[in-house]
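Q: Pasting a structure here, questions to come.
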Amino acid sequence: MHHPHVQEAEARLEDLRDALAAHGITLPSLGLELPSVAATYATPLIALGNCNLETAQALAAALRKRAAG
């Protein structure tokens, strides 16, 4: 059975990928968390995955900049 929220999760995933790219950030393993997609009782999860130290630093800087306004 296809999860009813997969299209919405995929749209949110692309939105997040685009927002990160706008800051020059790429998370190579960004994707849907497959077990959550297979489950029918919960909304699918987005797995942020792993990143190197440089990417973690860039992500933290982008978040801090946004929080500072």
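Residue names in the structure tokens use chain letters A, B, ... in the order shown, residue numbers from 1 in each chain, and ligand numbers from 1 in the order shown.
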Please return as a PyMOL selection string: the residues of chain A that backbone DSSP assigns to strand (DSSP E).
A: chain A and resi 31-32+46-47
Q: Please produce a file of the residues just selected, as an mmCIF file, in the first residue's frame, where the atoms kept are all heavy atoms.
A:
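After the write, part03.cif holds the following:
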```cif
data_model
loop_
_atom_site.group_PDB
_atom_site.id
_atom_site.type_symbol
_atom_site.label_atom_id
_atom_site.label_comp_id
_atom_site.auth_asym_id
_atom_site.auth_seq_id
_atom_site.Cartn_x
_atom_site.Cartn_y
_atom_site.Cartn_z
ATOM 1 N N GLY A 31 17.069 12.409 2.182
ATOM 2 C CA GLY A 31 16.041 11.628 1.499
ATOM 3 C C GLY A 31 14.940 11.216 2.447
ATOM 4 O O GLY A 31 14.951 11.562 3.626
ATOM 5 N N LEU A 32 13.982 10.488 1.922
ATOM 6 C CA LEU A 32 12.911 9.969 2.761
ATOM 7 C C LEU A 32 13.421 8.771 3.547
ATOM 8 O O LEU A 32 14.178 7.959 3.020
ATOM 9 C CB LEU A 32 11.712 9.564 1.916
ATOM 10 C CG LEU A 32 10.993 10.689 1.188
ATOM 11 C CD1 LEU A 32 9.821 10.137 0.390
ATOM 12 C CD2 LEU A 32 10.517 11.759 2.155
ATOM 13 N N ILE A 46 11.752 12.655 6.972
ATOM 14 C CA ILE A 46 12.855 13.030 6.101
ATOM 15 C C ILE A 46 14.146 12.770 6.866
ATOM 16 O O ILE A 46 14.330 13.264 7.980
ATOM 17 C CB ILE A 46 12.759 14.504 5.672
ATOM 18 C CG1 ILE A 46 11.521 14.693 4.788
ATOM 19 C CG2 ILE A 46 14.030 14.950 4.953
ATOM 20 C CD1 ILE A 46 11.244 16.126 4.401
ATOM 21 N N ALA A 47 15.015 11.968 6.282
ATOM 22 C CA ALA A 47 16.303 11.653 6.890
ATOM 23 C C ALA A 47 17.335 12.669 6.406
ATOM 24 O O ALA A 47 17.576 12.789 5.207
ATOM 25 C CB ALA A 47 16.728 10.240 6.508
#
```
Q: List the neighbours of Ser36 in chain A out to 10 Å using only C-alpha atoms; skip same-chain residues closer than 2 positions along the sequence, and give me the result as a list in words.
A: His3, Val6, Leu32, Glu33, Leu34, Ala38, Ala39, Thr40, Tyr41, Ala42, Thr43, Pro44, Leu45, Ile46 and Ala47 of chain A
Q: In Å, how far is it from CA of Ala58 in chain A to CA of Val37 in chain A?
A: 29.0 Å
Q: As an exercise, work out the distance from CA of Glu10 in chain A to CA of Leu48 in chain A in Å and give it to one decimal place.
A: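 So the two atoms, CA of Glu10 in chain A and CA of Leu48 in chain A, lie 13.2 Å apart.
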Q: Ala56 in chain A: which residues within 12 Å, counting only C-alpha atoms, same-chain residues fewer than 4 positions away excluded, as number ranges by chain?
A: A: 20, 24-27, 48-52, 60-63
Q: Could you please take those selected residues and save N, CA, C and O atoms as an mmCIF file, in the first residue's frame?
A:
```cif
data_model
loop_
_atom_site.group_PDB
_atom_site.id
_atom_site.type_symbol
_atom_site.label_atom_id
_atom_site.label_comp_id
_atom_site.auth_asym_id
_atom_site.auth_seq_id
_atom_site.Cartn_x
_atom_site.Cartn_y
_atom_site.Cartn_z
ATOM 1 N N LEU A 20 18.479 24.508 1.243
ATOM 2 C CA LEU A 20 19.878 24.259 1.592
ATOM 3 C C LEU A 20 20.798 24.688 0.449
ATOM 4 O O LEU A 20 21.833 25.315 0.673
ATOM 5 N N GLY A 24 24.289 27.147 -0.440
ATOM 6 C CA GLY A 24 25.481 26.410 -0.867
ATOM 7 C C GLY A 24 25.700 25.131 -0.084
ATOM 8 O O GLY A 24 26.818 24.639 -0.004
ATOM 9 N N ILE A 25 24.634 24.576 0.491
ATOM 10 C CA ILE A 25 24.750 23.387 1.335
ATOM 11 C C ILE A 25 24.108 22.200 0.631
ATOM 12 O O ILE A 25 22.972 22.280 0.154
ATOM 13 N N THR A 26 24.834 21.094 0.573
ATOM 14 C CA THR A 26 24.319 19.850 0.018
ATOM 15 C C THR A 26 24.479 18.752 1.055
ATOM 16 O O THR A 26 25.574 18.558 1.589
ATOM 17 N N LEU A 27 23.387 18.074 1.350
ATOM 18 C CA LEU A 27 23.439 16.899 2.222
ATOM 19 C C LEU A 27 23.254 15.691 1.307
ATOM 20 O O LEU A 27 22.128 15.410 0.872
ATOM 21 N N LEU A 48 17.893 13.419 7.332
ATOM 22 C CA LEU A 48 18.891 14.413 6.952
ATOM 23 C C LEU A 48 20.216 13.763 6.602
ATOM 24 O O LEU A 48 20.983 14.309 5.827
ATOM 25 N N GLY A 49 20.488 12.616 7.164
ATOM 26 C CA GLY A 49 21.676 11.871 6.786
ATOM 27 C C GLY A 49 22.954 12.415 7.392
ATOM 28 O O GLY A 49 22.948 13.207 8.324
ATOM 29 N N ASN A 50 24.038 11.987 6.816
ATOM 30 C CA ASN A 50 25.366 12.348 7.300
ATOM 31 C C ASN A 50 25.925 13.508 6.496
ATOM 32 O O ASN A 50 25.541 13.736 5.355
ATOM 33 N N CYS A 51 26.851 14.244 7.108
ATOM 34 C CA CYS A 51 27.551 15.298 6.384
ATOM 35 C C CYS A 51 28.952 15.432 6.967
ATOM 36 O O CYS A 51 29.214 15.027 8.092
ATOM 37 N N ASN A 52 29.821 16.049 6.177
ATOM 38 C CA ASN A 52 31.184 16.257 6.652
ATOM 39 C C ASN A 52 31.237 17.497 7.548
ATOM 40 O O ASN A 52 30.237 18.215 7.720
ATOM 41 N N ALA A 60 25.197 25.176 10.277
ATOM 42 C CA ALA A 60 25.086 25.909 11.543
ATOM 43 C C ALA A 60 25.151 27.417 11.306
ATOM 44 O O ALA A 60 24.374 28.181 11.906
ATOM 45 N N ALA A 61 26.038 27.856 10.430
ATOM 46 C CA ALA A 61 26.165 29.287 10.137
ATOM 47 C C ALA A 61 24.892 29.826 9.488
ATOM 48 O O ALA A 61 24.433 30.926 9.832
ATOM 49 N N ALA A 62 24.304 29.072 8.567
ATOM 50 C CA ALA A 62 23.070 29.506 7.907
ATOM 51 C C ALA A 62 21.924 29.598 8.912
ATOM 52 O O ALA A 62 21.139 30.555 8.882
ATOM 53 N N LEU A 63 21.840 28.645 9.820
ATOM 54 C CA LEU A 63 20.789 28.674 10.830
ATOM 55 C C LEU A 63 20.981 29.846 11.795
ATOM 56 O O LEU A 63 20.020 30.522 12.167
#
```
Q: Return the single residue from A:His23, A:Pro35, A:Pro28, A:Arg17 that is closest to Leu59 in chain A, with distances computed using only C-alpha atoms.
A: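 The closest residue to Leu59 in chain A is A:His23.
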Q: When you draw a straight line from CA of Ala21 in chain A to CA of Glu54 in chain A, how long is it in Å?
A: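 Separation of CA of Ala21 in chain A and CA of Glu54 in chain A: 14.4 Å.
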Q: Range 18-50 of chain A: which residues are alpha helix (DSSP H) by DSSP, as a PyMOL selection string?
A: chain A and resi 18-22+34-38
